[in-house]
file target-v9.txt (compact mmCIF, C-alpha atoms and all ligand atoms)
# COMPACT_ATOMS: atom_id res chain seq x y z
CA MET A 82 -3.62 -58.44 -2.43
CA SER A 83 -6.97 -56.80 -1.94
CA LEU A 84 -9.86 -59.23 -1.42
CA LEU A 85 -12.72 -56.90 -0.52
CA GLN A 86 -13.03 -53.20 -1.16
CA LEU A 87 -15.78 -50.70 -0.40
CA GLN A 88 -15.67 -47.45 -2.33
CA GLY A 89 -17.82 -44.52 -1.27
CA VAL A 90 -20.60 -46.72 0.09
CA SER A 91 -23.58 -44.78 1.45
CA LYS A 92 -26.96 -45.93 2.80
CA LYS A 93 -29.84 -44.26 4.60
CA PHE A 94 -33.03 -45.72 6.04
CA GLY A 95 -35.31 -42.66 5.87
CA GLN A 96 -33.40 -40.05 7.87
CA VAL A 97 -31.15 -42.61 9.58
CA VAL A 98 -27.66 -42.65 8.08
CA VAL A 99 -26.18 -46.16 8.37
CA ALA A 100 -23.26 -45.67 5.97
CA GLU A 101 -21.75 -42.41 4.79
CA GLU A 102 -19.06 -42.54 2.12
CA ILE A 103 -17.49 -45.68 3.59
CA ASN A 104 -14.12 -46.66 2.10
CA PHE A 105 -12.12 -49.61 3.25
CA GLU A 106 -10.04 -52.47 2.01
CA LEU A 107 -9.44 -55.99 3.29
CA GLY A 108 -6.56 -58.17 2.14
CA VAL A 109 -6.56 -61.93 1.50
CA GLY A 110 -6.53 -63.75 4.86
CA ASP A 111 -6.79 -60.52 6.93
CA ALA A 112 -8.64 -60.37 10.24
CA LEU A 113 -10.52 -57.15 10.90
CA GLY A 114 -12.62 -56.35 13.96
CA ILE A 115 -15.51 -53.86 13.94
CA VAL A 116 -16.81 -52.11 17.05
CA GLY A 117 -19.22 -49.25 17.51
CA PRO A 118 -22.28 -48.20 19.49
CA ASN A 119 -25.70 -49.84 18.98
CA GLY A 120 -27.32 -48.57 15.81
CA ALA A 121 -23.97 -47.44 14.34
CA GLY A 122 -24.63 -49.31 11.08
CA LYS A 123 -22.40 -52.35 11.66
CA THR A 124 -24.94 -55.01 10.70
CA SER A 125 -26.13 -52.82 7.82
CA LEU A 126 -22.56 -52.76 6.49
CA PHE A 127 -22.52 -56.58 6.43
CA ALA A 128 -25.88 -56.57 4.69
CA ILE A 129 -24.52 -54.21 2.03
CA ILE A 130 -21.48 -56.47 1.51
CA SER A 131 -23.50 -59.70 1.39
CA GLY A 132 -26.17 -58.13 -0.84
CA ASP A 133 -29.07 -58.42 1.63
CA ILE A 134 -29.68 -54.67 1.32
CA PRO A 135 -28.72 -52.45 -1.63
CA ALA A 136 -26.44 -49.46 -1.06
CA ASP A 137 -27.74 -46.04 -2.16
CA ALA A 138 -24.32 -45.20 -3.61
CA GLY A 139 -20.83 -46.63 -3.95
CA GLU A 140 -19.32 -49.91 -5.07
CA VAL A 141 -18.47 -53.23 -3.46
CA ILE A 142 -15.53 -54.96 -5.12
CA PHE A 143 -14.64 -58.55 -4.31
CA ASP A 144 -11.74 -60.56 -5.67
CA GLY A 145 -11.15 -57.98 -8.40
CA ARG A 146 -14.78 -57.85 -9.56
CA THR A 147 -17.51 -55.27 -8.92
CA ILE A 148 -20.33 -57.17 -7.20
CA THR A 149 -22.54 -54.22 -6.25
CA HIS A 150 -25.40 -55.43 -8.42
CA LEU A 151 -25.12 -59.16 -7.72
CA SER A 152 -27.72 -61.08 -5.69
CA PRO A 153 -26.83 -62.44 -2.23
CA ALA A 154 -26.70 -65.98 -3.68
CA LYS A 155 -24.18 -64.96 -6.33
CA ARG A 156 -22.06 -63.14 -3.75
CA ALA A 157 -22.08 -66.26 -1.56
CA ARG A 158 -20.94 -68.28 -4.55
CA ALA A 159 -18.21 -65.73 -5.19
CA GLY A 160 -16.84 -66.49 -1.71
CA ILE A 161 -18.57 -64.23 0.83
CA GLY A 162 -19.94 -66.11 3.86
CA ARG A 163 -21.83 -64.46 6.70
CA THR A 164 -23.42 -65.25 10.03
CA TYR A 165 -26.44 -63.46 11.48
CA GLN A 166 -26.63 -61.60 14.79
CA VAL A 167 -29.64 -63.74 15.73
CA PRO A 168 -28.96 -67.34 14.60
CA ARG A 169 -31.68 -68.54 12.28
CA PRO A 170 -31.32 -72.24 11.53
CA PHE A 171 -34.21 -74.35 10.27
CA GLU A 172 -35.22 -75.63 13.69
CA LYS A 173 -36.82 -78.90 12.60
CA MET A 174 -33.96 -79.94 10.36
CA THR A 175 -30.87 -81.63 11.72
CA VAL A 176 -27.57 -79.84 12.21
CA PHE A 177 -26.15 -81.69 9.20
CA GLU A 178 -29.16 -80.90 6.98
CA ASN A 179 -28.89 -77.21 7.87
CA THR A 180 -25.22 -77.19 6.97
CA LEU A 181 -25.69 -79.20 3.78
CA LEU A 182 -28.39 -76.78 2.65
CA ALA A 183 -26.00 -73.87 3.14
CA ALA A 184 -23.34 -75.73 1.11
CA GLN A 185 -25.82 -76.42 -1.70
CA GLN A 186 -27.61 -73.07 -1.82
CA GLY A 187 -24.96 -70.54 -1.03
CA GLY A 188 -21.91 -72.52 -1.90
CA ARG A 189 -19.90 -73.23 -4.95
CA SER A 190 -20.37 -76.98 -4.66
CA HIS A 191 -22.64 -79.67 -6.10
CA GLY A 192 -23.41 -83.28 -5.26
CA HIS A 193 -20.76 -85.14 -3.31
CA LYS A 194 -18.63 -82.02 -2.77
CA SER A 195 -21.48 -80.39 -0.82
CA TYR A 196 -21.49 -83.31 1.61
CA VAL A 197 -17.73 -83.06 2.04
CA LEU A 198 -17.92 -79.30 2.67
CA ALA A 199 -20.86 -79.63 5.06
CA TYR A 200 -19.20 -82.35 7.09
CA GLY A 201 -15.89 -80.46 7.08
CA ALA A 202 -17.68 -77.36 8.41
CA LEU A 203 -19.19 -79.40 11.26
CA GLU A 204 -15.77 -80.82 12.13
CA ARG A 205 -14.15 -77.38 12.12
CA THR A 206 -16.80 -76.00 14.45
CA GLY A 207 -16.81 -79.01 16.81
CA LEU A 208 -20.33 -80.07 15.83
CA ALA A 209 -19.64 -83.42 14.14
CA ASP A 210 -21.01 -85.33 17.15
CA PHE A 211 -24.28 -83.38 16.88
CA ALA A 212 -24.78 -83.84 13.13
CA ASN A 213 -28.05 -85.75 13.58
CA ALA A 214 -29.52 -83.63 16.39
CA SER A 215 -32.31 -81.23 15.50
CA ALA A 216 -31.09 -77.65 15.17
CA GLY A 217 -33.93 -76.46 17.40
CA SER A 218 -32.58 -78.49 20.34
CA MET A 219 -29.16 -76.81 20.35
CA THR A 220 -27.86 -74.63 23.21
CA LEU A 221 -26.90 -71.04 22.37
CA LEU A 222 -23.19 -71.91 21.96
CA ARG A 223 -24.04 -74.75 19.58
CA ARG A 224 -26.43 -72.53 17.65
CA LYS A 225 -23.60 -70.02 17.26
CA ARG A 226 -21.29 -72.81 16.12
CA LEU A 227 -23.96 -73.94 13.66
CA GLU A 228 -24.27 -70.39 12.37
CA LEU A 229 -20.52 -70.44 11.72
CA ALA A 230 -20.67 -73.94 10.20
CA ARG A 231 -23.35 -72.77 7.74
CA ALA A 232 -21.13 -69.88 6.66
CA LEU A 233 -18.09 -72.16 6.30
CA ALA A 234 -20.03 -74.72 4.28
CA THR A 235 -20.19 -72.20 1.44
CA ASP A 236 -16.38 -72.54 1.09
CA PRO A 237 -15.85 -68.79 1.65
CA GLN A 238 -12.77 -66.64 1.12
CA VAL A 239 -14.09 -64.27 3.78
CA VAL A 240 -16.53 -64.76 6.64
CA LEU A 241 -18.51 -61.87 8.09
CA LEU A 242 -19.25 -62.66 11.75
CA ASP A 243 -21.99 -60.60 13.40
CA GLU A 244 -21.72 -60.69 17.21
CA ILE A 245 -21.10 -64.41 17.23
CA ALA A 246 -19.81 -64.26 20.82
CA GLY A 247 -22.79 -62.27 22.16
CA GLY A 248 -24.60 -63.89 25.09
CA LEU A 249 -21.97 -66.59 25.71
CA THR A 250 -20.05 -67.25 28.95
CA ASP A 251 -16.34 -66.35 29.13
CA LEU A 252 -15.31 -69.97 28.63
CA GLU A 253 -17.64 -70.40 25.65
CA VAL A 254 -16.23 -67.23 24.10
CA VAL A 255 -12.71 -68.69 24.39
CA GLU A 256 -13.86 -71.91 22.67
CA LEU A 257 -15.40 -69.99 19.83
CA THR A 258 -12.42 -67.66 19.49
CA ASP A 259 -10.11 -70.69 19.09
CA ILE A 260 -12.24 -71.87 16.16
CA ILE A 261 -12.19 -68.44 14.54
CA ARG A 262 -8.43 -68.11 14.97
CA ALA A 263 -8.00 -71.49 13.24
CA LEU A 264 -9.85 -70.14 10.19
CA ARG A 265 -7.14 -67.57 9.74
CA SER A 266 -4.48 -70.23 9.50
CA ASP A 267 -6.56 -71.80 6.72
CA GLY A 268 -6.32 -68.50 4.82
CA ILE A 269 -9.95 -67.44 5.33
CA ALA A 270 -10.28 -63.70 5.93
CA VAL A 271 -12.41 -62.70 8.92
CA VAL A 272 -14.44 -59.55 9.51
CA TRP A 273 -15.86 -59.71 13.01
CA ILE A 274 -18.39 -57.31 14.58
CA GLU A 275 -18.27 -57.82 18.32
CA HIS A 276 -18.98 -56.07 21.61
CA VAL A 277 -16.86 -58.64 23.49
CA VAL A 278 -13.72 -56.60 22.87
CA ARG A 279 -11.36 -59.00 24.64
CA ALA A 280 -12.32 -61.81 22.25
CA LEU A 281 -11.82 -59.55 19.27
CA LEU A 282 -8.39 -58.46 20.35
CA SER A 283 -7.14 -62.02 20.68
CA THR A 284 -8.00 -62.64 17.01
CA VAL A 285 -7.83 -59.54 14.85
CA ASP A 286 -4.84 -57.47 13.83
CA ARG A 287 -6.83 -54.44 12.77
CA LEU A 288 -9.81 -52.72 14.36
CA LEU A 289 -12.32 -50.34 12.85
CA CYS A 290 -14.82 -48.27 14.82
CA LEU A 291 -18.07 -47.22 13.20
CA ALA A 292 -20.38 -44.51 14.60
CA SER A 293 -23.47 -43.13 12.83
CA GLY A 294 -22.36 -44.77 9.57
CA VAL A 295 -18.90 -43.18 9.62
CA ILE A 296 -15.52 -44.87 10.20
CA VAL A 297 -14.15 -42.86 13.11
CA ALA A 298 -10.98 -44.95 13.62
CA ASP A 299 -9.21 -47.73 11.73
CA GLY A 300 -5.85 -49.27 12.58
CA GLU A 301 -3.86 -51.15 15.19
CA PRO A 302 -6.46 -52.42 17.72
CA LYS A 303 -5.03 -51.02 20.94
CA GLU A 304 -4.32 -47.65 19.34
CA VAL A 305 -7.88 -47.52 18.00
CA LEU A 306 -9.31 -48.28 21.46
CA ALA A 307 -7.11 -45.64 23.04
CA SER A 308 -8.09 -42.96 20.51
CA ASP A 309 -10.17 -39.99 21.65
CA ALA A 310 -12.86 -40.66 19.04
CA VAL A 311 -13.42 -44.25 20.16
CA ARG A 312 -13.33 -43.35 23.82
CA SER A 313 -15.97 -40.68 23.46
CA LEU A 314 -18.19 -42.41 20.87
CA TYR A 315 -17.97 -46.04 21.96
CA LEU A 316 -16.25 -46.75 25.25
CA GLY A 317 -17.89 -43.83 27.09
CA SER A 318 -16.42 -43.51 30.54
CA LYS A 319 -14.75 -46.97 30.41
CA ARG A 320 -11.00 -47.03 30.35
CA VAL A 321 -9.26 -49.22 27.76
CA GLU A 322 -7.94 -51.52 30.50
CA GLU A 323 -11.50 -52.31 31.59
CA VAL A 324 -12.45 -53.85 28.25
CA LEU A 325 -9.27 -55.91 27.87
N1 LIG A 401 -34.16 -52.68 7.24
C1 LIG A 401 -34.16 -51.54 7.96
N2 LIG A 401 -35.12 -50.61 7.79
C2 LIG A 401 -35.09 -49.46 8.51
N3 LIG A 401 -34.16 -49.14 9.42
C3 LIG A 401 -33.19 -50.03 9.64
C4 LIG A 401 -33.12 -51.28 8.93
N4 LIG A 401 -32.02 -51.97 9.35
C5 LIG A 401 -31.44 -51.19 10.27
N5 LIG A 401 -32.13 -50.04 10.45
C6 LIG A 401 -31.74 -48.94 11.36
O1 LIG A 401 -30.44 -48.53 10.99
C7 LIG A 401 -29.66 -48.24 12.16
C8 LIG A 401 -28.40 -49.10 12.14
O2 LIG A 401 -28.77 -50.46 12.37
P1 LIG A 401 -27.71 -51.64 12.42
O3 LIG A 401 -28.48 -52.88 12.68
O4 LIG A 401 -26.87 -51.61 11.20
O5 LIG A 401 -26.82 -51.22 13.68
P2 LIG A 401 -25.68 -52.01 14.47
O6 LIG A 401 -24.48 -51.16 14.47
O7 LIG A 401 -25.56 -53.38 13.93
O8 LIG A 401 -26.26 -52.05 15.96
P3 LIG A 401 -26.19 -53.21 17.10
O9 LIG A 401 -24.86 -53.03 17.80
O10 LIG A 401 -27.33 -52.86 18.01
O11 LIG A 401 -26.36 -54.53 16.44
C9 LIG A 401 -30.57 -48.47 13.35
O12 LIG A 401 -31.10 -47.24 13.73
C10 LIG A 401 -31.64 -49.39 12.82
O13 LIG A 401 -32.85 -49.22 13.49
MG MG A 402 -25.88 -55.24 14.65
call {"tool": "encode", "arguments": {"input": "target-v9.txt", "output": "structure tokens"}}
result
Amino acid sequence: MSLLQLQGVSKKFGQVVVAEEINFELGVGDALGIVGPNGAGKTSLFAIISGDIPADAGEVIFDGRTITHLSPAKRARAGIGRTYQVPRPFEKMTVFENTLLAAQQGGRSHGHKSYVLAYGALERTGLADFANASAGSMTLLRRKRLELARALATDPQVVLLDEIAGGLTDLEVVELTDIIRALRSDGIAVVWIEHVVRALLSTVDRLLCLASGVIVADGEPKEVLASDAVRSLYLGSKRVEEVL
């Protein structure tokens, strides 16, 4: 069953095309990876899906309903969770307070249920022991985990992950990837933008490559990486084996 659909989505910032007639579909519980050069429009695509920026044309359909004109808060309540490329927690609040706020503001929960969701999100991301620490004191890995916890606290049907593994060590990437893989077994769909291709490949079963706002390849991950378009537009002179 289709969970998320983009139909003819286009967006320009001045002369810069970030999305040109984008069409794609994501099923319930699917895991899709997105790669592409810097400035390709990857983050903009997330912003169009989450409602942070309006598309110039096209429709976003979620769970059978057109959501193109809904606010980001309403889309979050409908079940779309997202993380940001640069984590932006409220530094002076605790890890738990940050997560609870996400559950209350973006989520579909009230009162006691928000606490349950917030605590559950901290447990899933391995942050329960840091619930009372201030968010500003967290290391990069824990900030990334908190970013994920805030998205999960909204009780999403899909999470949009924007370079959540960026800047982490190899071991930290493995830890984070284990958490993301576990989401899939809970039936949460994942769309993951990432330059750490190895991490992506261990989690997703479909890969999409975006360049200048156009989907240049979409399909089985290794085939997509081996395609001429992806090699010339994204991998450059690197061979597929080098990124695995
Ligand atoms: N709010 C905005 N106003 C104007 N231009 C923008 C805005 N957001 C993004 N852009 C431009 O749109 C283009 C695509 O940006 P986007 O952040 O979507 O790329 P990206 O694929 O996520 O790149 P990266 O891999 O570096 O994160 C870039 O040229 C960027 O400067
Ligand atoms: Mg980006």
call {"tool": "residues_around", "arguments": {"input": "target-v9.txt", "residues": "His150 (chain A)", "least_positions_apart": "5", "cutoff": "10 Å", "atoms": "only C-alpha atoms", "output": "count of residues only"}}
result
7
call {"tool": "closest_residue", "arguments": {"input": "target-v9.txt", "among": "A:Leu264, A:Leu249, A:Ile296, A:Leu198", "to": "Thr220 (chain A)", "atoms": "all atoms listed in the file"}}
result
A:Leu249
call {"tool": "closest_residue", "arguments": {"input": "target-v9.txt", "among": "A:Asp137, A:Asp210, A:Asp111, A:Asp236", "to": "Lys93 (chain A)", "atoms": "all atoms listed in the file"}}
result
A:Asp137
call {"tool": "residues_near_ligand", "arguments": {"input": "target-v9.txt", "ligand": "ligand LIG 401 (chain A)", "cutoff": "9 Å", "atoms": "only C-alpha atoms and all ligand atoms", "output": "PDB file with C-alpha atoms, in the frame of the given file"}}
result
ATOM      1  CA  LYS A  93     -29.840 -44.260   4.600  1.00  0.00           C
ATOM      2  CA  PHE A  94     -33.030 -45.720   6.040  1.00  0.00           C
ATOM      3  CA  GLY A  95     -35.310 -42.660   5.870  1.00  0.00           C
ATOM      4  CA  VAL A  97     -31.150 -42.610   9.580  1.00  0.00           C
ATOM      5  CA  VAL A  98     -27.660 -42.650   8.080  1.00  0.00           C
ATOM      6  CA  VAL A  99     -26.180 -46.160   8.370  1.00  0.00           C
ATOM      7  CA  ALA A 100     -23.260 -45.670   5.970  1.00  0.00           C
ATOM      8  CA  VAL A 116     -16.810 -52.110  17.050  1.00  0.00           C
ATOM      9  CA  GLY A 117     -19.220 -49.250  17.510  1.00  0.00           C
ATOM     10  CA  PRO A 118     -22.280 -48.200  19.490  1.00  0.00           C
ATOM     11  CA  ASN A 119     -25.700 -49.840  18.980  1.00  0.00           C
ATOM     12  CA  GLY A 120     -27.320 -48.570  15.810  1.00  0.00           C
ATOM     13  CA  ALA A 121     -23.970 -47.440  14.340  1.00  0.00           C
ATOM     14  CA  GLY A 122     -24.630 -49.310  11.080  1.00  0.00           C
ATOM     15  CA  LYS A 123     -22.400 -52.350  11.660  1.00  0.00           C
ATOM     16  CA  THR A 124     -24.940 -55.010  10.700  1.00  0.00           C
ATOM     17  CA  SER A 125     -26.130 -52.820   7.820  1.00  0.00           C
ATOM     18  CA  LEU A 126     -22.560 -52.760   6.490  1.00  0.00           C
ATOM     19  CA  PHE A 127     -22.520 -56.580   6.430  1.00  0.00           C
ATOM     20  CA  ALA A 128     -25.880 -56.570   4.690  1.00  0.00           C
ATOM     21  CA  ILE A 134     -29.680 -54.670   1.320  1.00  0.00           C
ATOM     22  CA  GLN A 166     -26.630 -61.600  14.790  1.00  0.00           C
ATOM     23  CA  ASP A 243     -21.990 -60.600  13.400  1.00  0.00           C
ATOM     24  CA  GLU A 244     -21.720 -60.690  17.210  1.00  0.00           C
ATOM     25  CA  ILE A 274     -18.390 -57.310  14.580  1.00  0.00           C
ATOM     26  CA  GLU A 275     -18.270 -57.820  18.320  1.00  0.00           C
ATOM     27  CA  HIS A 276     -18.980 -56.070  21.610  1.00  0.00           C
ATOM     28  CA  LEU A 291     -18.070 -47.220  13.200  1.00  0.00           C
ATOM     29  CA  ALA A 292     -20.380 -44.510  14.600  1.00  0.00           C
ATOM     30  CA  SER A 293     -23.470 -43.130  12.830  1.00  0.00           C
ATOM     31  CA  GLY A 294     -22.360 -44.770   9.570  1.00  0.00           C
TER      32      GLY A 294
END
call {"tool": "residues_around", "arguments": {"input": "target-v9.txt", "residues": "Leu227 (chain A)", "least_positions_apart": "3", "cutoff": "12 Å", "atoms": "all atoms listed in the file", "output": "JSON, numbers by chain"}}
result
{"A": [163, 164, 165, 167, 168, 169, 170, 171, 172, 175, 176, 177, 178, 179, 180, 181, 183, 199, 200, 202, 203, 204, 205, 206, 207, 208, 209, 211, 212, 214, 215, 216, 217, 218, 219, 220, 221, 222, 223, 224, 230, 231, 232, 233, 234, 245, 257]}
call {"tool": "atom_distance", "arguments": {"input": "target-v9.txt", "atom1": "CA of Asp144 (chain A)", "atom2": "CA of Gly162 (chain A)"}}
result
13.7 Å
call {"tool": "residues_around", "arguments": {"input": "target-v9.txt", "residues": "Val271 (chain A)", "least_positions_apart": "2", "cutoff": "9 Å", "atoms": "all atoms listed in the file", "output": "PyMOL selection string"}}
result
chain A and resi 110-114+238-242+261+264-265+269+273+285
call {"tool": "residues_around", "arguments": {"input": "target-v9.txt", "residues": "Glu106 (chain A)", "least_positions_apart": "4", "cutoff": "10 Å", "atoms": "only C-alpha atoms", "output": "NGL selection string"}}
result
:A and (82-88 or 111 or 142-143)
call {"tool": "closest_residue", "arguments": {"input": "target-v9.txt", "among": "A:Gly247, A:Asp133, A:Val90, A:Thr149", "to": "ligand MG 402 (chain A)", "atoms": "all atoms listed in the file"}}
result
A:Gly247
call {"tool": "atom_distance", "arguments": {"input": "target-v9.txt", "atom1": "CA of Asp309 (chain A)", "atom2": "CA of Ile103 (chain A)"}}
result
20.3 Å
call {"tool": "residues_around", "arguments": {"input": "target-v9.txt", "residues": "Asp299 (chain A)", "least_positions_apart": "6", "cutoff": "10 Å", "atoms": "only C-alpha atoms", "output": "ChimeraX atom specification"}}
result
/A:105,113-115,287-291,305-306
call {"tool": "atom_distance", "arguments": {"input": "target-v9.txt", "atom1": "CA of Pro153 (chain A)", "atom2": "CA of Gln186 (chain A)"}}
result
10.7 Å
call {"tool": "closest_residue", "arguments": {"input": "target-v9.txt", "among": "A:Ala280, A:Ser131, A:Gly201, A:Glu304", "to": "Leu151 (chain A)", "atoms": "all atoms listed in the file"}}
result
A:Ser131
call {"tool": "build_atoms", "arguments": {"input": "target-v9.txt", "residues": "region 281-293 of chain A", "atoms": "N, CA, C and O atoms", "output": "mmCIF file, in the coordinates of the input"}}
result
data_model
loop_
_atom_site.group_PDB
_atom_site.id
_atom_site.type_symbol
_atom_site.label_atom_id
_atom_site.label_comp_id
_atom_site.auth_asym_id
_atom_site.auth_seq_id
_atom_site.Cartn_x
_atom_site.Cartn_y
_atom_site.Cartn_z
ATOM 1 N N LEU A 281 -12.264 -60.135 20.537
ATOM 2 C CA LEU A 281 -11.820 -59.550 19.270
ATOM 3 C C LEU A 281 -10.311 -59.369 19.238
ATOM 4 O O LEU A 281 -9.646 -59.740 18.281
ATOM 5 N N LEU A 282 -9.815 -58.806 20.325
ATOM 6 C CA LEU A 282 -8.390 -58.460 20.350
ATOM 7 C C LEU A 282 -7.486 -59.669 20.282
ATOM 8 O O LEU A 282 -6.347 -59.573 19.830
ATOM 9 N N SER A 283 -7.989 -60.833 20.724
ATOM 10 C CA SER A 283 -7.140 -62.020 20.680
ATOM 11 C C SER A 283 -7.092 -62.606 19.261
ATOM 12 O O SER A 283 -6.385 -63.566 19.011
ATOM 13 N N THR A 284 -7.873 -62.056 18.347
ATOM 14 C CA THR A 284 -8.000 -62.640 17.010
ATOM 15 C C THR A 284 -7.628 -61.704 15.874
ATOM 16 O O THR A 284 -7.014 -62.121 14.901
ATOM 17 N N VAL A 285 -8.006 -60.438 16.000
ATOM 18 C CA VAL A 285 -7.830 -59.540 14.850
ATOM 19 C C VAL A 285 -6.513 -58.766 14.927
ATOM 20 O O VAL A 285 -5.945 -58.607 16.007
ATOM 21 N N ASP A 286 -6.037 -58.308 13.772
ATOM 22 C CA ASP A 286 -4.840 -57.470 13.830
ATOM 23 C C ASP A 286 -5.140 -56.043 13.365
ATOM 24 O O ASP A 286 -4.241 -55.223 13.258
ATOM 25 N N ARG A 287 -6.427 -55.805 13.129
ATOM 26 C CA ARG A 287 -6.830 -54.440 12.770
ATOM 27 C C ARG A 287 -8.238 -54.226 13.301
ATOM 28 O O ARG A 287 -9.057 -55.163 13.292
ATOM 29 N N LEU A 288 -8.504 -53.025 13.776
ATOM 30 C CA LEU A 288 -9.810 -52.720 14.360
ATOM 31 C C LEU A 288 -10.359 -51.450 13.730
ATOM 32 O O LEU A 288 -9.617 -50.489 13.497
ATOM 33 N N LEU A 289 -11.658 -51.496 13.468
ATOM 34 C CA LEU A 289 -12.320 -50.340 12.850
ATOM 35 C C LEU A 289 -13.489 -49.972 13.765
ATOM 36 O O LEU A 289 -14.178 -50.849 14.277
ATOM 37 N N CYS A 290 -13.679 -48.695 13.995
ATOM 38 C CA CYS A 290 -14.820 -48.270 14.820
ATOM 39 C C CYS A 290 -15.772 -47.460 13.944
ATOM 40 O O CYS A 290 -15.374 -46.526 13.248
ATOM 41 N N LEU A 291 -17.034 -47.869 13.996
ATOM 42 C CA LEU A 291 -18.070 -47.220 13.200
ATOM 43 C C LEU A 291 -19.018 -46.483 14.152
ATOM 44 O O LEU A 291 -19.406 -47.032 15.192
ATOM 45 N N ALA A 292 -19.385 -45.253 13.814
ATOM 46 C CA ALA A 292 -20.380 -44.510 14.600
ATOM 47 C C ALA A 292 -21.216 -43.696 13.635
ATOM 48 O O ALA A 292 -20.661 -42.997 12.777
ATOM 49 N N SER A 293 -22.540 -43.824 13.733
ATOM 50 C CA SER A 293 -23.470 -43.130 12.830
ATOM 51 C C SER A 293 -23.074 -43.265 11.359
ATOM 52 O O SER A 293 -23.113 -42.304 10.597
#
